[in-house]
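Here the structure comes first, spelled out in structure tokens, and everything after it is commentary.
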Amino acid sequence: MAGLQHPFHCLRYVNRQSVGQSDILIATAGRNLYSYDASSGQRLDVWPQPVDANVEGNAEDKSSDAAPASESQGPPEKRRKLSSTSEEQKDGKPGPNPKDSNKEASNSWTNIPLVTVAHSKYVVIMTSEDKCVRVLSLDNEGKLQQLSARTMPKKLSALTLTPDESNILTGDKFGDVYTFPLIPSGEYVKVQAPAKAYEPSATNLTVHTKRNLESLEQQMRQAALSKTNQAERVVLNFEHQVIIGHVSLLTELISVTRPADSTVGKRNYILTADRDEHIRISRGVPQAHVIEQFCFGHTSFVSSLCVPSFEPKVLVSGGGDNYLLVWDWLKNQILQKVPLPGTEGETTVRGIWDVSLEATADNADPMKAIFVALEGSSQLLYFTLESDNTITQQGTLQLSGNVLELVGLDSRGSILVAVDTLRQSDSTSAWKSSSQPPLEVFHLSSGKWAPVEDSMVIKINSEGTSTLAATIEEKQQKELNDSMYNLGNLRKRGDHDE
């Protein structure tokens with residue numbers, strides 16, 4: 001592979017054997033979304049299609065739509081806010097011309113940080129700079145086609161689905177959680193009553209004392225600011241509802257169905273975490289306004305939550321502390337505090353994943369595993385869940401690059417790990433001179449995980465992803481580093497952050 005390759009940022013395994021179709025691997029790298037045949041590794045589709053892949057149109061159109069060479073090799077300098085939002089984004093409907101929408105889409109964002117899959121046939125993504133939630137269909141051949149695009153008022157930090165996968169849940173960096181249908185039900189226009197502008201009743205002619213004049217000037221400045229805020233307020237022209245609000249930056253959001261037991265019946269819950277060390281347990285929609293409790297125990301921000309599919313009564317949480325906490329989350333009871341390697345105040349949990357494997361010829365007993373990755377680390381911590389709902393570390397897997405994402409391949413008894421292809425191992429800023437394969441596979445045999453060769457992964461690695469120039473400006477390198485390793489920004493450094 002020539003040059004540097006964008007690493008895979010998100011991985012999702014779509015199990016479709018129940019309907020007699022091939023399983024599919026969904027992945028994001030840079031600004032692109034990929035679909036692969038999970039058995040052969042053959043690339044099925046890339047979204048959006050490259051601009052030069054459209055054979056229609058003349059060369060003048062292509063040159064005018066394409067970004068300059070220097071810009072196409074890295075993120076733009078300042079692209080945090082688009083100049084205008086397309087009708088497609090406002091109304092939640094695809095544009096009239098797919099070719100034109102692909103041209104616009106290919107230059108509208110630099111990465112796709114959030115992905116989830118619904119009903120094994122819809123892919124939900126969040127594109128970064130335009131703050132847009134897009135729903136794409138995934139057909140039997142693995143082809144991707146955009147169905148809707150809905151622009152949010154603030155940049156999202158979390159994305160998931162309700163347990164029935166019919167509604168999308170999003171959390172933004174201002175602490176709000178929104179819910180809206182996976183598939184828009186039709187035309188929706190929010191009726192917004194015109195706000196009456198505030199005007200001070202007093203004037204310079206009726207106020208004479210110095211103190212009253214200063215008060216009047218302050219009121220007039222506030223009135224001008226109110227007019228500006230009203231003009232800039234975003235109207236969401238699609239069906240939506242704000243269901244939860246944090247007073248701090250929301251960092252993680254998961255939706256859980258807890259089965260009935262002797263004390264509590266079957267019920268849906270929404271678990272949210274924020275920068276202020278809080279984990280909130282709320283009931284599911286439509287009772288999300290009911291707060292069951294807060295789980296307090298962390299001393300720094302919480303960046304990752306995991307409720308294992310094989311034991312929904314357990315919650316494993318981690319963040320900016322140098323430990324994990326294992327909870328009986330509905331009882332607000334800490335079951336275990338697990339130390340993590342690293343220096344206190346610098347260790348950051350990047351991800352926590354649960355993997356459940358059935359008994360096979362290689363493994364006589366079923367496996368209930370929990371994997372933990374630290375920010376900027378090439379080591380993957382491996383735990384097992386015990387009968388008393390505590391976790392025990394069984395070992396550490398060493399990878400060739402920093403761990404970014406993980407997904408379990410249940411049918412193979414393996415895990416698929418995405419590693420950083422750009423930075424040196426155990427560094428978030430030092431770059432490599434050449435790329436490495438973006439995916440690695442570990443197989444469980446006799447209770448131990450070992451790296452193996454897999455034909456599917458070999459095929460995916462051979463095709464690679466979108467390329468970067470071997471030499472990139474220092475500013476562009478910093479922007480790429482910040483987009484991939486940004487959890488450290490949540491750490492409070494001084495009194496002004498409290």
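Each chain of the structure tokens is named A, B, ... in the order shown, its residues numbered from 1; ligands are numbered from 1 in display order.
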
- Write out as a list in words each polymer residue whose atoms come within 8 Å of Val407 in chain A, counting only C-alpha atoms; drop sequence neighbours fewer than 2 positions from it. Leu11, Arg12, Tyr13, Trp353, Val355, Glu405, Leu409, Ile415, Leu416 and Val417 of chain A

- Non-local contacts of range 306-312 of chain A (9 Å; only C-alpha atoms; under 6 positions in same chain excluded) as an NGL selection string: :A and (254 or 256-259 or 351-356 or 368-370 or 385 or 389)

Taking N, CA and C atoms for each residue, export the selection above as a PDB file, in the first residue's frame.
ATOM      1  N   ILE A 254     -26.193   4.930  26.166  1.00  0.00           N
ATOM      2  CA  ILE A 254     -26.582   3.581  25.767  1.00  0.00           C
ATOM      3  C   ILE A 254     -28.030   3.338  26.186  1.00  0.00           C
ATOM      4  N   VAL A 256     -30.787   0.281  27.166  1.00  0.00           N
ATOM      5  CA  VAL A 256     -30.728  -1.077  27.699  1.00  0.00           C
ATOM      6  C   VAL A 256     -32.127  -1.567  28.046  1.00  0.00           C
ATOM      7  N   THR A 257     -32.380  -2.840  27.790  1.00  0.00           N
ATOM      8  CA  THR A 257     -33.581  -3.508  28.291  1.00  0.00           C
ATOM      9  C   THR A 257     -33.168  -4.465  29.396  1.00  0.00           C
ATOM     10  N   ARG A 258     -33.684  -4.215  30.588  1.00  0.00           N
ATOM     11  CA  ARG A 258     -33.350  -5.077  31.714  1.00  0.00           C
ATOM     12  C   ARG A 258     -34.479  -6.079  31.922  1.00  0.00           C
ATOM     13  N   PRO A 259     -34.166  -7.376  31.922  1.00  0.00           N
ATOM     14  CA  PRO A 259     -35.228  -8.381  32.070  1.00  0.00           C
ATOM     15  C   PRO A 259     -35.858  -8.332  33.454  1.00  0.00           C
ATOM     16  N   GLY A 351     -12.438   2.641  25.032  1.00  0.00           N
ATOM     17  CA  GLY A 351     -13.592   1.817  24.702  1.00  0.00           C
ATOM     18  C   GLY A 351     -13.673   0.590  25.583  1.00  0.00           C
ATOM     19  N   ILE A 352     -14.902   0.125  25.824  1.00  0.00           N
ATOM     20  CA  ILE A 352     -15.170  -1.113  26.548  1.00  0.00           C
ATOM     21  C   ILE A 352     -16.135  -1.923  25.691  1.00  0.00           C
ATOM     22  N   TRP A 353     -15.781  -3.164  25.387  1.00  0.00           N
ATOM     23  CA  TRP A 353     -16.599  -3.998  24.511  1.00  0.00           C
ATOM     24  C   TRP A 353     -16.849  -5.355  25.162  1.00  0.00           C
ATOM     25  N   ASP A 354     -18.060  -5.872  24.999  1.00  0.00           N
ATOM     26  CA  ASP A 354     -18.369  -7.220  25.471  1.00  0.00           C
ATOM     27  C   ASP A 354     -18.445  -8.159  24.274  1.00  0.00           C
ATOM     28  N   VAL A 355     -17.902  -9.354  24.437  1.00  0.00           N
ATOM     29  CA  VAL A 355     -17.897 -10.370  23.387  1.00  0.00           C
ATOM     30  C   VAL A 355     -18.333 -11.686  24.014  1.00  0.00           C
ATOM     31  N   SER A 356     -19.363 -12.293  23.447  1.00  0.00           N
ATOM     32  CA  SER A 356     -19.880 -13.572  23.931  1.00  0.00           C
ATOM     33  C   SER A 356     -19.681 -14.618  22.848  1.00  0.00           C
ATOM     34  N   LYS A 368     -17.438 -15.434  28.051  1.00  0.00           N
ATOM     35  CA  LYS A 368     -18.025 -14.123  28.305  1.00  0.00           C
ATOM     36  C   LYS A 368     -16.882 -13.168  28.587  1.00  0.00           C
ATOM     37  N   ALA A 369     -16.490 -12.439  27.559  1.00  0.00           N
ATOM     38  CA  ALA A 369     -15.286 -11.615  27.643  1.00  0.00           C
ATOM     39  C   ALA A 369     -15.628 -10.137  27.591  1.00  0.00           C
ATOM     40  N   ILE A 370     -14.793  -9.335  28.246  1.00  0.00           N
ATOM     41  CA  ILE A 370     -14.882  -7.880  28.200  1.00  0.00           C
ATOM     42  C   ILE A 370     -13.497  -7.350  27.862  1.00  0.00           C
ATOM     43  N   LEU A 385     -16.053 -12.261  32.826  1.00  0.00           N
ATOM     44  CA  LEU A 385     -17.068 -12.007  33.837  1.00  0.00           C
ATOM     45  C   LEU A 385     -17.278 -13.266  34.658  1.00  0.00           C
ATOM     46  N   ASN A 389     -20.526 -11.663  39.216  1.00  0.00           N
ATOM     47  CA  ASN A 389     -20.638 -10.418  38.446  1.00  0.00           C
ATOM     48  C   ASN A 389     -19.460  -9.476  38.651  1.00  0.00           C
TER      49      ASN A 389
END

- Message: Nearest residue to Ile472 in chain A out of A:Leu4, A:Ser137, A:Ser22, A:Leu444, using only C-alpha atoms?
- Response: A:Leu4

- Message: Env of range 129-133 of chain A: 6 Å cut, atoms = only C-alpha atoms, seq-sep filter 6 positions within chain, self excluded. Answer as a list of chain:residue names.
- Response: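 Selected residues are A:Arg80, A:Trp109, A:Ala149, A:Arg150, A:Thr151, A:Met152, A:Lys155.
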
- Query: Suppose you want the space between CA of Thr467 in chain A and CA of Asp45 in chain A; what is it in Å?
  - Reply: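 Rounded to one decimal, the two atoms are 17.0 Å apart.
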
- Running DSSP on the backbone, which parts of range 260-471 of chain A land in strand (DSSP E), as a VMD selection string? chain A and resid 267 to 274 279 to 283 291 to 295 302 to 306 314 to 319 323 to 328 333 to 339 349 to 357 367 to 374 379 to 385 391 to 398 403 to 409 414 to 419 439 to 445 448 to 451 467 to 468

- Backbone DSSP call of helix (DSSP H, G or I) for range 197-304 of chain A, listed as a PyMOL selection string: chain A and resi 210-232

Go ahead and dump the residues you just picked, N, CA, C and O atoms, as a PDB file, in the first residue's frame.
ATOM      1  N   LYS A 210     -26.893  58.419  37.174  1.00  0.00           N
ATOM      2  CA  LYS A 210     -25.822  57.641  36.585  1.00  0.00           C
ATOM      3  C   LYS A 210     -26.079  56.143  36.714  1.00  0.00           C
ATOM      4  O   LYS A 210     -25.891  55.374  35.759  1.00  0.00           O
ATOM      5  N   ARG A 211     -26.538  55.700  37.887  1.00  0.00           N
ATOM      6  CA  ARG A 211     -26.794  54.277  38.103  1.00  0.00           C
ATOM      7  C   ARG A 211     -27.906  53.770  37.198  1.00  0.00           C
ATOM      8  O   ARG A 211     -27.803  52.691  36.610  1.00  0.00           O
ATOM      9  N   ASN A 212     -28.969  54.540  37.050  1.00  0.00           N
ATOM     10  CA  ASN A 212     -30.080  54.128  36.189  1.00  0.00           C
ATOM     11  C   ASN A 212     -29.671  54.114  34.715  1.00  0.00           C
ATOM     12  O   ASN A 212     -30.137  53.279  33.930  1.00  0.00           O
ATOM     13  N   LEU A 213     -28.815  55.059  34.324  1.00  0.00           N
ATOM     14  CA  LEU A 213     -28.340  55.063  32.938  1.00  0.00           C
ATOM     15  C   LEU A 213     -27.509  53.808  32.651  1.00  0.00           C
ATOM     16  O   LEU A 213     -27.629  53.200  31.581  1.00  0.00           O
ATOM     17  N   GLU A 214     -26.653  53.413  33.605  1.00  0.00           N
ATOM     18  CA  GLU A 214     -25.869  52.195  33.413  1.00  0.00           C
ATOM     19  C   GLU A 214     -26.778  50.970  33.330  1.00  0.00           C
ATOM     20  O   GLU A 214     -26.548  50.063  32.523  1.00  0.00           O
ATOM     21  N   SER A 215     -27.820  50.952  34.156  1.00  0.00           N
ATOM     22  CA  SER A 215     -28.768  49.841  34.105  1.00  0.00           C
ATOM     23  C   SER A 215     -29.498  49.801  32.773  1.00  0.00           C
ATOM     24  O   SER A 215     -29.718  48.728  32.201  1.00  0.00           O
ATOM     25  N   LEU A 216     -29.878  50.973  32.263  1.00  0.00           N
ATOM     26  CA  LEU A 216     -30.567  51.027  30.968  1.00  0.00           C
ATOM     27  C   LEU A 216     -29.657  50.531  29.846  1.00  0.00           C
ATOM     28  O   LEU A 216     -30.089  49.780  28.953  1.00  0.00           O
ATOM     29  N   GLU A 217     -28.391  50.933  29.867  1.00  0.00           N
ATOM     30  CA  GLU A 217     -27.454  50.477  28.835  1.00  0.00           C
ATOM     31  C   GLU A 217     -27.291  48.957  28.878  1.00  0.00           C
ATOM     32  O   GLU A 217     -27.212  48.301  27.836  1.00  0.00           O
ATOM     33  N   GLN A 218     -27.255  48.401  30.067  1.00  0.00           N
ATOM     34  CA  GLN A 218     -27.149  46.946  30.195  1.00  0.00           C
ATOM     35  C   GLN A 218     -28.384  46.251  29.639  1.00  0.00           C
ATOM     36  O   GLN A 218     -28.285  45.216  28.961  1.00  0.00           O
ATOM     37  N   GLN A 219     -29.565  46.806  29.897  1.00  0.00           N
ATOM     38  CA  GLN A 219     -30.796  46.223  29.365  1.00  0.00           C
ATOM     39  C   GLN A 219     -30.818  46.286  27.842  1.00  0.00           C
ATOM     40  O   GLN A 219     -31.268  45.341  27.176  1.00  0.00           O
ATOM     41  N   MET A 220     -30.324  47.371  27.275  1.00  0.00           N
ATOM     42  CA  MET A 220     -30.319  47.498  25.810  1.00  0.00           C
ATOM     43  C   MET A 220     -29.336  46.515  25.184  1.00  0.00           C
ATOM     44  O   MET A 220     -29.618  45.955  24.117  1.00  0.00           O
ATOM     45  N   ARG A 221     -28.200  46.311  25.839  1.00  0.00           N
ATOM     46  CA  ARG A 221     -27.253  45.307  25.321  1.00  0.00           C
ATOM     47  C   ARG A 221     -27.859  43.916  25.380  1.00  0.00           C
ATOM     48  O   ARG A 221     -27.699  43.105  24.469  1.00  0.00           O
ATOM     49  N   GLN A 222     -28.582  43.605  26.452  1.00  0.00           N
ATOM     50  CA  GLN A 222     -29.229  42.309  26.585  1.00  0.00           C
ATOM     51  C   GLN A 222     -30.307  42.119  25.523  1.00  0.00           C
ATOM     52  O   GLN A 222     -30.480  41.016  24.971  1.00  0.00           O
ATOM     53  N   ALA A 223     -31.049  43.191  25.221  1.00  0.00           N
ATOM     54  CA  ALA A 223     -32.078  43.105  24.188  1.00  0.00           C
ATOM     55  C   ALA A 223     -31.462  42.839  22.819  1.00  0.00           C
ATOM     56  O   ALA A 223     -31.978  42.046  22.029  1.00  0.00           O
ATOM     57  N   ALA A 224     -30.318  43.491  22.532  1.00  0.00           N
ATOM     58  CA  ALA A 224     -29.643  43.259  21.254  1.00  0.00           C
ATOM     59  C   ALA A 224     -29.122  41.836  21.162  1.00  0.00           C
ATOM     60  O   ALA A 224     -29.217  41.183  20.116  1.00  0.00           O
ATOM     61  N   LEU A 225     -28.576  41.323  22.277  1.00  0.00           N
ATOM     62  CA  LEU A 225     -28.088  39.945  22.295  1.00  0.00           C
ATOM     63  C   LEU A 225     -29.226  38.958  22.113  1.00  0.00           C
ATOM     64  O   LEU A 225     -29.097  37.950  21.419  1.00  0.00           O
ATOM     65  N   SER A 226     -30.381  39.242  22.701  1.00  0.00           N
ATOM     66  CA  SER A 226     -31.545  38.371  22.560  1.00  0.00           C
ATOM     67  C   SER A 226     -31.994  38.294  21.108  1.00  0.00           C
ATOM     68  O   SER A 226     -32.351  37.225  20.608  1.00  0.00           O
ATOM     69  N   LYS A 227     -31.971  39.426  20.411  1.00  0.00           N
ATOM     70  CA  LYS A 227     -32.349  39.431  18.995  1.00  0.00           C
ATOM     71  C   LYS A 227     -31.382  38.583  18.180  1.00  0.00           C
ATOM     72  O   LYS A 227     -31.780  37.830  17.290  1.00  0.00           O
ATOM     73  N   THR A 228     -30.073  38.680  18.486  1.00  0.00           N
ATOM     74  CA  THR A 228     -29.080  37.897  17.758  1.00  0.00           C
ATOM     75  C   THR A 228     -29.269  36.403  17.985  1.00  0.00           C
ATOM     76  O   THR A 228     -29.243  35.600  17.052  1.00  0.00           O
ATOM     77  N   ASN A 229     -29.490  36.007  19.240  1.00  0.00           N
ATOM     78  CA  ASN A 229     -29.694  34.587  19.557  1.00  0.00           C
ATOM     79  C   ASN A 229     -30.942  34.050  18.879  1.00  0.00           C
ATOM     80  O   ASN A 229     -30.972  32.908  18.413  1.00  0.00           O
ATOM     81  N   GLN A 230     -32.001  34.885  18.821  1.00  0.00           N
ATOM     82  CA  GLN A 230     -33.234  34.442  18.184  1.00  0.00           C
ATOM     83  C   GLN A 230     -33.028  34.231  16.698  1.00  0.00           C
ATOM     84  O   GLN A 230     -33.550  33.290  16.099  1.00  0.00           O
ATOM     85  N   ALA A 231     -32.235  35.107  16.073  1.00  0.00           N
ATOM     86  CA  ALA A 231     -31.986  34.986  14.638  1.00  0.00           C
ATOM     87  C   ALA A 231     -31.143  33.761  14.313  1.00  0.00           C
ATOM     88  O   ALA A 231     -31.307  33.138  13.270  1.00  0.00           O
ATOM     89  N   GLU A 232     -30.219  33.391  15.241  1.00  0.00           N
ATOM     90  CA  GLU A 232     -29.328  32.265  14.978  1.00  0.00           C
ATOM     91  C   GLU A 232     -29.906  30.929  15.420  1.00  0.00           C
ATOM     92  O   GLU A 232     -29.316  29.888  15.190  1.00  0.00           O
TER      93      GLU A 232
END

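Proximity to Gly318 in chain A at 10 Å, evaluated using only C-alpha atoms and with sequence-adjacent residues fewer than 6 positions away removed, yields Glu277, His298, Ser300, Phe301, Val302, Ser303, Ser304, Leu305, Cys306, Leu324, Leu325, Val326, Val338, Leu340, Thr347, Thr348, Val349, Arg350, Gly351, Ile352, Val372 and Leu374 of chain A.
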
Convert the current residue selection to file output with N, CA and C atoms, as a short mmCIF file (atom, residue, chain, number, x, y, z; two decimals), in the first residue's frame.
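File part_28.cif, as written:
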data_model
loop_
_atom_site.label_atom_id
_atom_site.label_comp_id
_atom_site.auth_asym_id
_atom_site.auth_seq_id
_atom_site.Cartn_x
_atom_site.Cartn_y
_atom_site.Cartn_z
N GLU A 277 -18.33 13.49 35.86
CA GLU A 277 -18.21 12.24 36.61
C GLU A 277 -19.55 11.57 36.91
N HIS A 298 -16.91 7.77 40.15
CA HIS A 298 -15.77 8.24 39.37
C HIS A 298 -15.32 9.61 39.88
N SER A 300 -13.21 11.46 37.74
CA SER A 300 -12.94 12.20 36.52
C SER A 300 -14.05 11.87 35.52
N PHE A 301 -13.96 12.45 34.34
CA PHE A 301 -15.01 12.26 33.34
C PHE A 301 -15.20 10.77 33.03
N VAL A 302 -16.41 10.43 32.61
CA VAL A 302 -16.74 9.05 32.20
C VAL A 302 -16.83 9.04 30.68
N SER A 303 -16.02 8.21 30.04
CA SER A 303 -15.97 8.20 28.57
C SER A 303 -16.59 6.96 27.95
N SER A 304 -16.78 5.90 28.71
CA SER A 304 -17.29 4.66 28.11
C SER A 304 -18.15 3.89 29.10
N LEU A 305 -19.28 3.39 28.61
CA LEU A 305 -20.19 2.55 29.38
C LEU A 305 -20.43 1.26 28.61
N CYS A 306 -20.53 0.16 29.33
CA CYS A 306 -20.80 -1.13 28.69
C CYS A 306 -21.69 -1.96 29.59
N LEU A 324 -11.44 0.98 36.47
CA LEU A 324 -12.80 0.67 36.00
C LEU A 324 -13.69 0.46 37.21
N LEU A 325 -14.97 0.73 37.03
CA LEU A 325 -15.95 0.42 38.06
C LEU A 325 -16.96 -0.59 37.49
N VAL A 326 -17.25 -1.61 38.27
CA VAL A 326 -18.26 -2.61 37.91
C VAL A 326 -19.45 -2.40 38.84
N VAL A 338 -11.50 -1.80 39.59
CA VAL A 338 -10.41 -2.51 38.92
C VAL A 338 -9.34 -1.52 38.51
N LEU A 340 -6.21 0.20 36.60
CA LEU A 340 -5.73 0.15 35.22
C LEU A 340 -4.27 0.55 35.18
N THR A 347 -4.42 8.28 32.54
CA THR A 347 -5.05 7.12 31.91
C THR A 347 -6.47 7.48 31.47
N THR A 348 -6.79 7.14 30.22
CA THR A 348 -8.12 7.42 29.68
C THR A 348 -8.65 6.17 28.98
N VAL A 349 -9.84 5.74 29.34
CA VAL A 349 -10.46 4.59 28.70
C VAL A 349 -11.07 5.02 27.37
N ARG A 350 -10.63 4.38 26.30
CA ARG A 350 -11.15 4.71 24.97
C ARG A 350 -12.42 3.92 24.65
N GLY A 351 -12.44 2.64 25.03
CA GLY A 351 -13.59 1.82 24.70
C GLY A 351 -13.67 0.59 25.58
N ILE A 352 -14.90 0.12 25.82
CA ILE A 352 -15.17 -1.11 26.55
C ILE A 352 -16.13 -1.92 25.69
N VAL A 372 -10.99 -3.96 27.06
CA VAL A 372 -10.85 -2.54 27.39
C VAL A 372 -9.63 -2.00 26.65
N LEU A 374 -7.25 1.54 26.08
CA LEU A 374 -6.89 2.85 26.62
C LEU A 374 -6.49 3.78 25.48
#

- For Asn140 in chain A, work out the shell of residues within 10 Å, counting only C-alpha atoms and skipping chain neighbours fewer than 5 positions away, then give it as a list in words.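 Within the cut-off, the hits are Arg16, Gln21, Ser22, Asp23, Ile24 and Lys121 of chain A.
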
With N, CA and C atoms retained, export the selected residues as a tab-separated table (two decimals), in the first residue's frame.
chain	number	residue	atom	x	y	z
A	16	ARG	N	-26.77	-11.37	9.44
A	16	ARG	CA	-28.00	-11.53	8.66
A	16	ARG	C	-28.26	-12.99	8.30
A	21	GLN	N	-29.04	-14.45	4.43
A	21	GLN	CA	-28.15	-13.59	3.67
A	21	GLN	C	-26.76	-13.61	4.28
A	22	SER	N	-25.79	-13.16	3.51
A	22	SER	CA	-24.41	-13.11	3.99
A	22	SER	C	-24.24	-12.00	5.01
A	23	ASP	N	-23.41	-12.28	6.01
A	23	ASP	CA	-23.10	-11.24	6.99
A	23	ASP	C	-22.26	-10.15	6.34
A	24	ILE	N	-22.36	-8.95	6.91
A	24	ILE	CA	-21.69	-7.79	6.32
A	24	ILE	C	-20.92	-7.06	7.42
A	121	LYS	N	-30.57	-3.72	8.23
A	121	LYS	CA	-30.75	-3.20	6.88
A	121	LYS	C	-30.70	-1.68	6.80

- Query: How far is it from CA of Met456 in chain A to CA of Val441 in chain A, in Å with one decimal?
  - Reply: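 According to the coordinates, CA of Met456 in chain A and CA of Val441 in chain A are separated by 9.9 Å.
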
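Around Val177 in chain A, within 6 Å and counting only C-alpha atoms, the residues found are Thr170, Gly171, Val242, Ile243 and Ile244 of chain A, once anything fewer than 3 positions away on its own chain is removed.
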
- Record the distance separating CA of Leu44 in chain A and CA of Gly142 in chain A, expressed in Å with one decimal. 5.6 Å

I'd like the contact shell of Ser128 in chain A - 7 Å cut-off, only C-alpha atoms, skipping same-chain residues fewer than 4 positions apart - returned as a PDB file with C-alpha atoms, in the first residue's frame.
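Written output follows (around.pdb):
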ATOM      1  CA  TRP A 109     -17.055  16.474   6.330  1.00  0.00           C
ATOM      2  CA  THR A 110     -13.710  14.950   7.184  1.00  0.00           C
ATOM      3  CA  ASN A 111     -14.764  11.940   9.265  1.00  0.00           C
ATOM      4  CA  ILE A 112     -17.692   9.803  10.419  1.00  0.00           C
ATOM      5  CA  PRO A 113     -17.195   9.306  14.164  1.00  0.00           C
TER       6      PRO A 113
END
